[in-house]
$ cat start02.txt   # compact mmCIF, C-alpha atoms
# COMPACT_ATOMS: atom_id res chain seq x y z
CA MET X 1 0.00 0.00 0.00
CA GLN X 2 1.31 3.42 -0.93
CA PRO X 3 1.80 5.76 2.01
CA LYS X 4 -0.94 8.36 1.76
CA ASP X 5 -0.11 12.02 1.91
CA LEU X 6 -2.70 13.23 4.38
CA THR X 7 -3.05 15.99 6.93
CA PRO X 8 -3.08 14.73 10.54
CA ARG X 9 -6.84 15.04 10.87
CA ASP X 10 -7.54 13.18 7.62
CA GLN X 11 -4.98 10.58 8.57
CA ARG X 12 -6.77 9.99 11.87
CA ILE X 13 -10.21 9.66 10.31
CA ASP X 14 -8.72 7.46 7.60
CA ASP X 15 -7.19 5.18 10.25
CA ALA X 16 -10.46 5.05 12.17
CA LEU X 17 -12.41 4.08 9.05
CA ASP X 18 -9.81 1.64 7.73
CA THR X 19 -10.99 -1.90 8.42
CA SER X 20 -8.92 -3.60 5.71
CA GLY X 21 -6.25 -4.57 8.24
CA VAL X 22 -3.46 -3.30 5.99
CA ARG X 23 -0.79 -1.60 8.05
CA HIS X 24 0.74 1.71 7.14
CA ARG X 25 4.52 1.56 7.32
CA ALA X 26 6.35 4.40 8.97
CA THR X 27 9.02 6.16 6.94
CA PHE X 28 12.51 6.76 8.31
CA LYS X 29 11.64 10.42 8.84
CA GLN X 30 8.82 9.41 11.17
CA GLU X 31 10.81 6.68 12.88
CA TRP X 32 14.15 8.22 13.84
CA PRO X 33 13.06 9.26 17.37
CA LEU X 34 12.13 5.64 18.08
CA LEU X 35 15.51 4.44 16.75
CA LEU X 36 17.36 6.96 18.93
CA LEU X 37 15.36 5.83 21.95
CA LEU X 38 16.18 2.17 21.30
CA ILE X 39 19.89 2.96 20.93
CA PHE X 40 19.75 4.86 24.23
CA VAL X 41 18.07 1.87 25.91
CA TRP X 42 20.81 -0.43 24.60
CA GLY X 43 23.56 1.85 25.85
CA ALA X 44 21.90 2.37 29.21
CA LEU X 45 21.37 -1.34 29.80
CA TRP X 46 25.03 -2.14 29.02
CA GLN X 47 26.12 0.98 30.96
CA ASP X 48 28.53 1.57 28.09
CA PHE X 49 28.22 4.50 25.68
CA SER X 50 31.27 3.77 23.51
CA ILE X 51 30.93 4.14 19.74
CA GLY X 52 31.16 0.42 18.95
CA ASN X 53 28.46 -0.51 21.42
CA LEU X 54 26.16 2.22 20.15
CA LEU X 55 26.71 1.10 16.53
CA PHE X 56 25.77 -2.46 17.44
CA GLY X 57 22.72 -1.06 19.25
CA ALA X 58 21.78 0.86 16.09
CA ILE X 59 21.97 -2.32 13.99
CA LEU X 60 19.80 -4.18 16.51
CA SER X 61 17.23 -1.36 16.66
CA ILE X 62 16.92 -1.27 12.86
CA ILE X 63 16.33 -5.05 12.86
CA ILE X 64 13.75 -4.78 15.66
CA VAL X 65 11.90 -1.88 14.02
CA ASN X 66 11.68 -3.83 10.75
CA LEU X 67 10.64 -7.10 12.39
CA PHE X 68 7.93 -5.52 14.56
CA PRO X 69 6.59 -2.57 12.57
CA LEU X 70 4.50 0.01 14.40
CA PRO X 71 1.88 2.28 12.86
CA PRO X 72 3.41 5.66 11.98
CA VAL X 73 3.25 8.54 14.44
CA VAL X 74 2.54 11.81 12.68
CA LEU X 75 5.12 14.25 13.98
CA PRO X 76 3.95 17.87 14.25
CA GLY X 77 7.23 19.16 12.79
CA ARG X 78 7.73 21.95 15.30
CA ILE X 79 9.46 21.96 18.67
CA ASN X 80 10.18 24.81 21.05
CA LEU X 81 12.86 23.74 23.50
CA TRP X 82 12.27 26.65 25.88
CA TYR X 83 8.58 25.73 26.30
CA CYS X 84 9.59 22.05 26.57
CA LEU X 85 11.88 22.89 29.48
CA LYS X 86 9.18 25.01 31.13
CA LEU X 87 6.69 22.19 30.62
CA PHE X 88 9.09 19.67 32.17
CA ILE X 89 9.80 21.77 35.25
CA TRP X 90 6.09 22.47 35.70
CA PHE X 91 5.40 18.75 35.26
CA ILE X 92 7.88 17.71 37.98
CA GLY X 93 6.29 20.26 40.31
CA GLN X 94 2.84 18.87 39.52
CA VAL X 95 4.04 15.30 40.19
CA PHE X 96 5.06 16.39 43.68
CA ALA X 97 1.69 18.12 44.14
CA ALA X 98 -0.12 14.98 42.93
CA SER X 99 1.34 12.78 45.64
CA VAL X 100 0.55 15.31 48.36
CA HIS X 101 -2.98 15.66 46.96
CA VAL X 102 -3.60 11.89 46.93
CA ALA X 103 -2.17 11.55 50.44
CA TRP X 104 -4.36 14.42 51.70
CA ILE X 105 -7.54 12.94 50.24
CA ALA X 106 -6.67 9.40 51.34
CA VAL X 107 -6.11 10.44 54.94
CA VAL X 108 -8.65 13.26 55.38
CA ARG X 109 -11.58 12.36 53.11
CA GLY X 110 -11.13 8.59 53.06
CA LYS X 111 -14.31 6.75 52.27
CA LYS X 112 -16.26 9.95 51.65
CA ALA X 113 -14.17 10.91 48.60
CA ARG X 114 -16.47 11.78 45.70
CA SER X 115 -15.39 12.01 42.10
CA ALA X 116 -16.73 12.62 38.59
CA LEU X 117 -16.44 11.23 35.09
CA ILE X 118 -16.15 14.24 32.78
CA ALA X 119 -15.76 14.69 29.04
CA VAL X 120 -13.08 17.13 27.84
CA PRO X 121 -13.11 17.99 24.13
CA LEU X 122 -9.61 18.98 23.08
CA ARG X 123 -8.75 21.61 20.46
CA THR X 124 -5.88 19.66 18.93
CA GLU X 125 -6.16 17.33 15.95
CA SER X 126 -2.93 15.43 16.52
CA ASP X 127 -2.85 11.93 17.98
CA LEU X 128 0.54 12.61 19.52
CA ILE X 129 -0.74 15.57 21.53
CA VAL X 130 -3.91 13.79 22.62
CA MET X 131 -1.74 10.92 23.89
CA THR X 132 0.71 13.21 25.65
CA VAL X 133 -2.12 15.16 27.30
CA GLY X 134 -3.48 11.83 28.52
CA HIS X 135 -0.13 10.82 29.96
CA VAL X 136 0.52 14.15 31.65
CA LEU X 137 -2.92 14.45 33.17
CA THR X 138 -2.72 10.92 34.56
CA LEU X 139 0.42 11.86 36.46
CA ILE X 140 -0.65 15.27 37.79
CA PRO X 141 -3.21 15.82 40.58
CA GLY X 142 -6.78 14.71 40.27
CA SER X 143 -7.36 12.97 36.98
CA PHE X 144 -6.82 9.91 34.82
CA VAL X 145 -8.13 8.83 31.43
CA VAL X 146 -10.96 6.28 31.28
CA ASP X 147 -11.84 6.44 27.60
CA VAL X 148 -10.83 8.26 24.42
CA ASP X 149 -12.87 9.16 21.37
CA ARG X 150 -10.25 9.42 18.67
CA SER X 151 -12.42 10.89 15.91
CA SER X 152 -13.36 13.98 17.94
CA SER X 153 -10.25 14.16 20.23
CA THR X 154 -12.40 13.86 23.31
CA LEU X 155 -10.97 12.49 26.53
CA TYR X 156 -13.21 10.98 29.19
CA LEU X 157 -11.57 11.48 32.57
CA HIS X 158 -12.08 10.31 36.08
CA TYR X 159 -11.58 13.34 38.30
CA LEU X 160 -10.98 12.90 42.00
CA ASP X 161 -12.52 15.12 44.68
CA VAL X 162 -15.29 16.84 42.71
CA ASN X 163 -18.36 17.95 44.66
CA SER X 164 -20.04 20.65 42.58
CA ASP X 165 -20.61 21.71 38.99
CA ALA X 166 -18.24 24.66 39.44
CA GLU X 167 -15.45 22.22 40.26
CA VAL X 168 -16.26 20.26 37.10
CA GLU X 169 -15.73 23.42 35.04
CA LYS X 170 -12.50 24.15 36.91
CA ALA X 171 -11.27 20.63 36.15
CA ARG X 172 -12.05 21.07 32.46
CA ALA X 173 -10.15 24.38 32.40
CA ASN X 174 -7.14 22.67 34.01
CA ILE X 175 -7.03 20.00 31.30
CA ARG X 176 -7.28 22.60 28.55
CA ASP X 177 -4.39 24.43 30.22
CA ILE X 178 -2.25 21.26 29.93
CA GLU X 179 -3.20 21.09 26.28
CA ARG X 180 -2.20 24.75 25.81
CA ARG X 181 1.23 24.09 27.34
CA LEU X 182 1.79 21.02 25.15
CA ILE X 183 0.77 22.78 21.96
CA MET X 184 3.13 25.62 22.83
CA ALA X 185 5.94 23.06 23.26
CA ILE X 186 5.39 20.57 20.43
CA GLY X 187 2.18 21.52 18.58
CA SER X 188 2.08 22.04 14.82
CA PRO X 189 2.49 25.66 13.58
CA ASP X 190 -1.24 26.03 12.81
CA GLU X 191 -2.30 24.96 16.28
CA TYR X 192 0.37 27.16 17.85
CA GLU X 193 -0.98 30.19 15.99
CA ALA X 194 -4.54 29.28 16.99
CA ILE X 195 -3.57 29.06 20.66
CA LYS X 196 -1.73 32.38 20.44
CA ALA X 197 -4.77 34.03 18.89
CA GLU X 198 -7.07 32.53 21.50
CA GLU X 199 -5.04 33.47 24.56
CA GLY X 200 -4.09 37.01 23.56
CA PRO X 201 -0.65 38.68 23.49
CA ASP X 202 0.53 37.80 27.02
CA PHE X 203 -0.39 34.13 26.70
CA SER X 204 2.95 32.68 27.77
CA THR X 205 2.85 34.33 31.19
CA ARG X 206 -0.84 33.85 31.90
CA ARG X 207 -1.58 31.77 34.99
CA PRO X 208 -4.32 29.11 34.85
CA SER X 209 -7.57 30.40 36.28
CA LYS X 210 -8.10 29.16 39.79
CA MET O 1 30.04 18.30 52.15
CA ASP O 2 29.88 14.53 52.45
CA PHE O 3 27.84 14.82 55.62
CA PHE O 4 25.47 17.21 53.91
CA LEU O 5 25.04 14.84 50.95
CA GLU O 6 24.39 11.99 53.36
CA ILE O 7 21.55 13.94 54.96
CA VAL O 8 20.09 14.61 51.49
CA VAL O 9 20.31 10.90 50.62
CA ALA O 10 18.64 9.88 53.88
CA VAL O 11 15.80 12.35 53.34
CA LEU O 12 15.32 11.19 49.73
CA LEU O 13 15.22 7.50 50.70
CA VAL O 14 12.71 8.07 53.51
CA ALA O 15 10.52 10.29 51.31
CA GLY O 16 10.63 7.72 48.51
CA SER O 17 9.45 4.99 50.84
CA LEU O 18 6.78 7.29 52.25
CA MET O 19 5.26 7.47 48.75
CA SER O 20 4.75 3.69 48.77
CA LEU O 21 3.08 4.02 52.16
CA ILE O 22 0.76 6.70 50.74
CA ALA O 23 -0.16 4.34 47.90
CA GLY O 24 -0.93 1.61 50.45
CA ILE O 25 -3.09 3.91 52.58
CA GLY O 26 -4.89 5.10 49.46
CA LEU O 27 -5.60 1.53 48.37
CA ILE O 28 -7.26 0.86 51.73
CA THR O 29 -9.26 4.04 52.24
CA PHE O 30 -10.59 5.00 48.80
CA PRO O 31 -14.15 3.78 48.22
CA ASP O 32 -14.13 2.56 44.61
CA LEU O 33 -11.86 1.14 41.91
CA LEU O 34 -11.40 4.31 39.90
CA SER O 35 -10.36 6.35 42.94
CA ARG O 36 -7.91 3.65 44.00
CA MET O 37 -6.30 3.97 40.58
CA HIS O 38 -5.14 7.47 41.54
CA ALA O 39 -3.49 6.11 44.68
CA ALA O 40 -1.78 3.32 42.75
CA THR O 41 -0.28 5.43 39.95
CA LYS O 42 0.65 8.89 41.20
CA PRO O 43 2.69 8.47 44.40
CA GLN O 44 4.78 5.62 42.94
CA VAL O 45 6.15 7.74 40.09
CA LEU O 46 7.37 10.40 42.52
CA GLY O 47 8.59 7.71 44.93
CA PHE O 48 10.85 6.19 42.27
CA LEU O 49 12.15 9.61 41.28
CA LEU O 50 13.20 10.27 44.89
CA LEU O 51 14.65 6.79 45.45
CA PHE O 52 16.63 6.89 42.20
CA ALA O 53 17.95 10.37 42.97
CA GLY O 54 18.99 9.18 46.43
CA LEU O 55 20.67 6.09 44.98
CA ALA O 56 22.58 8.05 42.34
CA ILE O 57 23.84 10.58 44.90
CA HIS O 58 24.73 7.87 47.41
CA LEU O 59 26.72 5.74 44.97
CA ARG O 60 28.26 8.89 43.36
CA SER O 61 28.51 7.33 39.89
CA TRP O 62 27.48 9.02 36.66
CA ILE O 63 27.23 5.80 34.64
CA LEU O 64 24.19 4.83 36.74
CA VAL O 65 22.25 7.90 35.64
CA PRO O 66 21.18 6.60 32.16
CA VAL O 67 19.84 3.35 33.64
CA LEU O 68 17.94 5.22 36.33
CA VAL O 69 16.57 7.68 33.76
CA LEU O 70 15.51 4.69 31.64
CA ALA O 71 13.78 2.99 34.57
CA TRP O 72 11.98 6.19 35.53
CA GLY O 73 11.07 6.94 31.91
CA LEU O 74 9.56 3.47 31.54
CA GLN O 75 7.60 4.13 34.72
CA LEU O 76 6.33 7.44 33.28
CA LEU O 77 5.29 5.78 30.02
CA THR O 78 3.70 2.63 31.42
CA ALA O 79 1.90 3.80 34.58
CA PRO O 80 -0.73 5.91 32.72
CA VAL O 81 -1.35 3.18 30.14
CA SER O 82 -1.97 0.45 32.68
CA ALA O 83 -4.16 2.80 34.74
CA HIS O 84 -6.17 3.57 31.60
CA MET O 85 -6.56 -0.11 30.68
CA ILE O 86 -7.68 -1.11 34.18
CA GLY O 87 -10.01 1.89 34.46
CA ARG O 88 -11.57 1.19 31.07
CA ALA O 89 -12.12 -2.49 31.88
CA GLY O 90 -13.54 -1.47 35.26
CA TYR O 91 -15.97 1.02 33.75
CA ARG O 92 -17.18 -1.42 31.10
CA THR O 93 -17.71 -4.27 33.51
CA LYS O 94 -19.68 -2.05 35.92
CA HIS O 95 -17.19 -2.10 38.73
CA VAL O 96 -17.71 1.64 39.21
CA ALA O 97 -19.68 2.58 42.32
CA LYS O 98 -22.20 5.04 40.84
CA GLU O 99 -23.03 6.66 44.17
CA THR O 100 -19.52 8.06 44.57
CA LEU O 101 -19.70 9.90 41.23
CA HIS O 102 -20.85 13.50 41.13
CA VAL O 103 -21.51 13.47 37.36
CA ASP O 104 -21.03 10.76 34.75
CA GLU O 105 -20.67 12.39 31.34
CA LEU O 106 -19.35 9.23 29.70
CA LYS O 107 -22.61 7.43 30.40
CA ARG O 108 -24.57 10.39 29.03
CA VAL O 109 -22.51 10.27 25.81
CA ILE O 110 -22.91 6.53 25.43
CA SER O 111 -26.69 6.64 25.84
CA THR O 112 -27.15 9.47 23.31
CA HIS O 113 -24.80 7.83 20.83
CA SER O 114 -26.53 4.46 20.94
CA GLU O 115 -29.56 6.04 19.23
CA ALA O 116 -27.62 7.96 16.56
CA THR O 117 -25.48 5.82 14.26
CA GLY O 118 -23.47 8.58 12.58
CA ASN O 119 -20.19 8.38 14.44
CA THR O 120 -18.12 5.51 13.07
CA GLY O 121 -15.18 6.11 15.38
CA ALA O 122 -17.17 5.30 18.49
CA VAL O 123 -19.43 2.55 17.25
CA THR O 124 -17.42 -0.42 18.45
CA ARG O 125 -17.16 1.02 21.93
CA ILE O 126 -20.86 1.77 22.12
CA GLU O 127 -21.87 -1.67 20.94
CA GLY O 128 -19.65 -3.25 23.55
CA THR O 129 -21.22 -1.13 26.27
CA LYS O 130 -24.73 -1.85 25.07
CA ALA O 131 -24.05 -5.57 25.16
CA ASP O 132 -22.86 -5.14 28.74
CA GLU O 133 -25.99 -3.30 29.75
CA THR O 134 -28.39 -5.85 28.31
CA GLU O 135 -26.40 -8.63 29.89
CA ASN O 136 -26.61 -7.00 33.29
CA SER O 137 -30.28 -6.09 33.28
CA MET I 1 22.60 8.02 59.12
CA ILE I 2 21.84 5.99 56.00
CA GLU I 3 21.19 2.93 58.18
CA THR I 4 18.51 4.81 60.13
CA ALA I 5 16.92 6.09 56.93
CA VAL I 6 16.84 2.61 55.43
CA TRP I 7 15.28 1.19 58.60
CA ILE I 8 12.55 3.86 58.61
CA GLY I 9 12.00 3.32 54.88
CA GLY I 10 11.86 -0.45 55.34
CA VAL I 11 9.19 -0.17 58.02
CA MET I 12 7.13 2.10 55.75
CA LEU I 13 7.46 -0.33 52.84
CA ALA I 14 6.42 -3.21 55.09
CA LEU I 15 3.31 -1.32 56.23
CA ALA I 16 2.52 -0.42 52.62
CA SER I 17 2.79 -4.03 51.47
CA ILE I 18 0.53 -5.15 54.32
CA ALA I 19 -2.04 -2.58 53.16
CA CYS I 20 -1.77 -3.89 49.59
CA LEU I 21 -2.07 -7.50 50.74
CA TRP I 22 -5.24 -6.53 52.62
CA ARG I 23 -6.63 -5.08 49.40
CA VAL I 24 -5.66 -8.26 47.50
CA PHE I 25 -7.46 -10.32 50.14
CA LYS I 26 -10.52 -8.08 50.26
CA GLY I 27 -11.05 -7.60 46.53
CA PRO I 28 -13.89 -7.02 45.60
CA SER I 29 -13.05 -7.48 41.88
CA ILE I 30 -10.12 -9.05 40.04
CA LEU I 31 -9.12 -5.57 38.84
CA ASP I 32 -8.64 -4.37 42.43
CA ARG I 33 -6.41 -7.36 43.07
CA VAL I 34 -4.33 -6.78 39.96
CA LEU I 35 -3.92 -3.13 40.92
CA ALA I 36 -2.78 -4.04 44.42
CA LEU I 37 -0.35 -6.68 43.13
CA ASP I 38 1.06 -4.11 40.72
CA VAL I 39 1.72 -1.80 43.66
CA ILE I 40 3.35 -4.69 45.57
CA LEU I 41 5.73 -5.24 42.65
CA LEU I 42 6.68 -1.56 42.77
CA ILE I 43 7.17 -1.80 46.54
CA ILE I 44 9.55 -4.73 45.99
CA SER I 45 11.50 -2.61 43.50
CA SER I 46 11.68 0.18 46.08
CA ALA I 47 12.98 -2.30 48.65
CA LEU I 48 15.69 -3.37 46.18
CA CYS I 49 16.67 0.29 45.77
CA LEU I 50 17.02 0.61 49.54
CA ASP I 51 19.12 -2.56 49.62
CA MET I 52 21.39 -1.24 46.87
CA ALA I 53 21.79 1.99 48.80
CA ILE I 54 22.79 0.39 52.11
CA ASN I 55 25.03 -2.33 50.66
CA ARG I 56 26.56 -0.05 48.00
CA HIS I 57 26.13 -2.30 44.97
CA THR I 58 24.16 -2.12 41.70
CA ASP I 59 23.26 -5.77 41.14
CA TYR I 60 19.49 -5.30 41.24
CA LEU I 61 19.38 -2.28 38.96
CA LEU I 62 18.20 -4.23 35.91
CA PHE I 63 15.56 -6.02 37.95
CA VAL I 64 14.10 -2.62 38.80
CA VAL I 65 13.95 -1.78 35.08
CA VAL I 66 12.37 -5.14 34.25
CA ALA I 67 9.87 -4.89 37.11
CA CYS I 68 8.44 -1.65 35.66
CA THR I 69 7.74 -3.40 32.34
CA LEU I 70 6.51 -6.64 33.94
CA GLY I 71 3.92 -4.87 36.05
CA PHE I 72 2.71 -3.01 32.98
CA ILE I 73 2.38 -6.15 30.86
CA GLY I 74 0.64 -8.00 33.68
CA SER I 75 -2.01 -5.39 34.37
CA VAL I 76 -2.70 -4.74 30.67
CA THR I 77 -3.08 -8.47 30.03
CA VAL I 78 -5.51 -8.99 32.89
CA SER I 79 -7.61 -5.94 32.04
CA ARG I 80 -7.90 -7.04 28.41
CA PHE I 81 -8.89 -10.51 29.61
CA VAL I 82 -11.56 -9.05 31.88
CA SER I 83 -13.15 -6.84 29.21
CA ASP I 84 -13.06 -9.62 26.57
CA GLN I 85 -14.70 -12.06 28.92
CA ARG I 86 -17.63 -9.71 29.47
CA ASN I 87 -18.02 -8.78 25.81
CA ALA I 88 -17.98 -12.35 24.50
$ encode --input "start02.txt" --output "structure tokens"
Amino acid sequence: MQPKDLTPRDQRIDDALDTSGVRHRATFKQEWPLLLLLIFVWGALWQDFSIGNLLFGAILSIIIVNLFPLPPVVLPGRINLWYCLKLFIWFIGQVFAASVHVAWIAVVRGKKARSALIAVPLRTESDLIVMTVGHVLTLIPGSFVVDVDRSSSTLYLHYLDVNSDAEVEKARANIRDIERRLIMAIGSPDEYEAIKAEEGPDFSTRRPSK
Amino acid sequence: MDFFLEIVVAVLLVAGSLMSLIAGIGLITFPDLLSRMHAATKPQVLGFLLLFAGLAIHLRSWILVPVLVLAWGLQLLTAPVSAHMIGRAGYRTKHVAKETLHVDELKRVISTHSEATGNTGAVTRIEGTKADETENS
Amino acid sequence: MIETAVWIGGVMLALASIACLWRVFKGPSILDRVLALDVILLIISSALCLDMAINRHTDYLLFVVVACTLGFIGSVTVSRFVSDQRNA
């Protein structure tokens, strides 16, 4: 099957409709991050980052990638390292907050803890960003993903410690804030411009609404 | 300096173990499966970060850092996926205690979608859920 | 100093694994048990980290890496089994 030249959104709908069972093969351009990761794993496991070892790791990773092909990941083609760093530092802080939050609810609320299943429609059209938002929000306070609707980029979350409708809205705003940060870091140029237009000129310094 | 580093290591090791204790307490006290999922995933990720940091500082060796980064990265990648899989299976097999939920928008979506047939992306999921409901009633 | 920290940490890990074992015993569903066993696996990895710290060796490092993947594969397998069983 010829690789189709599709925009991310068309690609996603195409994948969702495709029941023929034919796999799309990823091109080298889409696959090099995976190869780098596998080489890093090889070096880390041997605790040896010499050139020869890494070359052997590269050969092994190429064999593995060709033996067990994965569906292609559509890369957005834009990365902003400064926002990535900011995102990472914010993420580590949120991981700390998450543990304190869970401990607080486990000890103080205990059996009375109430929660909610909420739907959050995302603005992005990229599978990669939907997946990353899901990962990040599972590791930060309050939420984890129960179900995903791929065709409309909607995440269905379980949100801990929700007692009123106002808190549901607050939770939704938090998730869309994660999405904003991720698009700023690795979103495609179109989505980045859309976020910039939506948030106004001082968007990078804006704090999430509490 | 060494004494100072030793204090840091001790604090990191104790804090890392405390995270496991938090997960244990959460597993006991939370009322339903989906809430327990929070206790099982979140504290452990931080706990390993602290333990690995303590270990790397204590053994004072740089060659350990890639392995520890790899172990923690695997933890970051796999913990959300397994939580999602367990949560999804739990929701579909009705292990969710409805009385602890404030709102349930997923159920609302599933019931409205079962009448309309337009959305191909969600059809398989809805059919599965419908089969579950008829089986239970 | 480190000895004291490892003792305190060990007691915490023991309490945590007792809590998890109680959840494994109590249930109520197979998913709760899998979740608790997953946490027990991670507690064992933490205990290995403490052991490596006090005895100053790195023998168990790869087990810690493998344990992360094993717990993942185990819980995904069981949850797929559970949902398939109900849908069939």
$ atom_distance --input "start02.txt" --atom1 "CA of Ala53 in chain O" --atom2 "CA of His84 in chain O"
27.5 Å
$ interface_residues --input "start02.txt" --of "chain I" --to "chain X" --cutoff "12 Å" --atoms "only C-alpha atoms" --output "list in words"
Thr58, Leu61, Leu62, Phe63, Val64, Val65 and Val66 of chain I
$ closest_residue --input "start02.txt" --among "O:Leu12, O:Ala40, O:Ala83, O:Gly73" --to "Ile28 in chain O" --atoms "all atoms listed in the file"
O:Ala40
$ closest_residue --input "start02.txt" --among "O:Gly16, O:Gly24, O:Pro31, O:Pro66" --to "chain I" --atoms "only C-alpha atoms"
O:Gly24
$ residues_near_point --input "start02.txt" --point "(10.2, 14.0, 36.4)" --cutoff "7 Å" --atoms "all atoms listed in the file" --output "VMD selection string"
(chain X and resid 91 to 92) or (chain O and resid 49)
$ closest_atom_pairs --input "start02.txt" --of "chain X" --to "chain O" --cutoff "8 Å" --atoms "all atoms listed in the file" --output "tab-separated table"
residue	atom	partner	partner_atom	distance
X:Ile13	CA	O:Gly121	CA	7.9
X:Ala16	CA	O:Gly121	CA	5.8
X:Leu17	CA	O:Thr120	CA	7.1
X:Val41	CA	O:Leu70	CA	6.9
X:Ala44	CA	O:Val67	CA	5.0
X:Leu45	CA	O:Val67	CA	6.3
X:Gln47	CA	O:Ile63	CA	6.2
X:Asp48	CA	O:Ile63	CA	7.9
X:Val95	CA	O:Leu46	CA	6.4
X:Phe96	CA	O:Leu46	CA	6.5
X:Ala98	CA	O:Lys42	CA	6.4
X:Ser99	CA	O:Pro43	CA	4.7
X:Val102	CA	O:Ala39	CA	6.2
X:Ala103	CA	O:Ile22	CA	5.7
X:Ala106	CA	O:Gly26	CA	5.0
X:Val107	CA	O:Ile25	CA	7.6
X:Gly110	CA	O:Thr29	CA	5.0
X:Lys111	CA	O:Pro31	CA	5.0
X:Lys112	CA	O:Pro31	CA	7.4
X:Ala113	CA	O:Phe30	CA	6.9
X:Arg114	CA	O:Thr100	CA	4.9
X:Ser115	CA	O:Leu101	CA	4.9
X:Ala116	CA	O:Leu101	CA	4.8
X:Leu117	CA	O:Asp104	CA	4.6
X:Ile118	CA	O:Glu105	CA	5.1
X:Ala119	CA	O:Glu105	CA	5.9
X:Gly134	CA	O:Pro80	CA	7.8
X:His135	CA	O:Pro80	CA	5.7
X:Thr138	CA	O:Pro80	CA	5.7
X:Leu139	CA	O:Lys42	CA	5.6
X:Ile140	CA	O:Lys42	CA	7.4
X:Pro141	CA	O:Lys42	CA	8.0
X:Gly142	CA	O:His38	CA	7.5
X:Ser143	CA	O:His38	CA	7.5
X:Phe144	CA	O:His84	CA	7.1
X:Val145	CA	O:His84	CA	5.6
X:Val146	CA	O:Arg88	CA	5.1
X:Asp147	CA	O:Arg88	CA	6.3
X:Asp149	CA	O:Ala122	CA	6.5
X:Arg150	CA	O:Gly121	CA	6.8
X:Ser151	CA	O:Gly121	CA	5.5
X:Tyr156	CA	O:Leu106	CA	6.4
X:His158	CA	O:Leu34	CA	7.1
X:Leu160	CA	O:Ser35	CA	6.6
X:Val162	CA	O:His102	CA	6.7
X:Asn163	CA	O:His102	CA	6.2
X:Ser164	CA	O:His102	CA	7.3
$ build_atoms --input "start02.txt" --residues "range 32-42 of chain O" --atoms "N, CA, C and O atoms" --output "PDB file, in the coordinates of the input"
ATOM      1  N   ASP O  32     -13.845   3.371  45.794  1.00  0.00           N
ATOM      2  CA  ASP O  32     -14.130   2.560  44.610  1.00  0.00           C
ATOM      3  C   ASP O  32     -12.889   2.406  43.739  1.00  0.00           C
ATOM      4  O   ASP O  32     -11.866   3.046  43.954  1.00  0.00           O
ATOM      5  N   LEU O  33     -13.006   1.533  42.740  1.00  0.00           N
ATOM      6  CA  LEU O  33     -11.860   1.140  41.910  1.00  0.00           C
ATOM      7  C   LEU O  33     -11.187   2.326  41.251  1.00  0.00           C
ATOM      8  O   LEU O  33      -9.969   2.457  41.268  1.00  0.00           O
ATOM      9  N   LEU O  34     -11.994   3.229  40.658  1.00  0.00           N
ATOM     10  CA  LEU O  34     -11.400   4.310  39.900  1.00  0.00           C
ATOM     11  C   LEU O  34     -10.632   5.278  40.796  1.00  0.00           C
ATOM     12  O   LEU O  34      -9.607   5.828  40.395  1.00  0.00           O
ATOM     13  N   SER O  35     -11.109   5.486  42.034  1.00  0.00           N
ATOM     14  CA  SER O  35     -10.360   6.350  42.940  1.00  0.00           C
ATOM     15  C   SER O  35      -9.065   5.684  43.379  1.00  0.00           C
ATOM     16  O   SER O  35      -8.033   6.343  43.521  1.00  0.00           O
ATOM     17  N   ARG O  36      -9.123   4.359  43.585  1.00  0.00           N
ATOM     18  CA  ARG O  36      -7.910   3.650  44.000  1.00  0.00           C
ATOM     19  C   ARG O  36      -6.827   3.741  42.936  1.00  0.00           C
ATOM     20  O   ARG O  36      -5.639   3.710  43.240  1.00  0.00           O
ATOM     21  N   MET O  37      -7.268   3.854  41.662  1.00  0.00           N
ATOM     22  CA  MET O  37      -6.300   3.970  40.580  1.00  0.00           C
ATOM     23  C   MET O  37      -5.388   5.179  40.780  1.00  0.00           C
ATOM     24  O   MET O  37      -4.197   5.108  40.493  1.00  0.00           O
ATOM     25  N   HIS O  38      -5.963   6.290  41.272  1.00  0.00           N
ATOM     26  CA  HIS O  38      -5.140   7.470  41.540  1.00  0.00           C
ATOM     27  C   HIS O  38      -4.056   7.140  42.551  1.00  0.00           C
ATOM     28  O   HIS O  38      -2.895   7.498  42.378  1.00  0.00           O
ATOM     29  N   ALA O  39      -4.463   6.441  43.632  1.00  0.00           N
ATOM     30  CA  ALA O  39      -3.490   6.110  44.680  1.00  0.00           C
ATOM     31  C   ALA O  39      -2.416   5.186  44.151  1.00  0.00           C
ATOM     32  O   ALA O  39      -1.264   5.263  44.571  1.00  0.00           O
ATOM     33  N   ALA O  40      -2.770   4.303  43.205  1.00  0.00           N
ATOM     34  CA  ALA O  40      -1.780   3.320  42.750  1.00  0.00           C
ATOM     35  C   ALA O  40      -0.798   3.920  41.766  1.00  0.00           C
ATOM     36  O   ALA O  40       0.331   3.454  41.676  1.00  0.00           O
ATOM     37  N   THR O  41      -1.194   4.926  40.973  1.00  0.00           N
ATOM     38  CA  THR O  41      -0.280   5.430  39.950  1.00  0.00           C
ATOM     39  C   THR O  41       0.575   6.598  40.428  1.00  0.00           C
ATOM     40  O   THR O  41       1.774   6.600  40.219  1.00  0.00           O
ATOM     41  N   LYS O  42      -0.068   7.616  41.030  1.00  0.00           N
ATOM     42  CA  LYS O  42       0.650   8.890  41.200  1.00  0.00           C
ATOM     43  C   LYS O  42       1.792   8.850  42.203  1.00  0.00           C
ATOM     44  O   LYS O  42       2.900   9.271  41.863  1.00  0.00           O
TER      45      LYS O  42
END
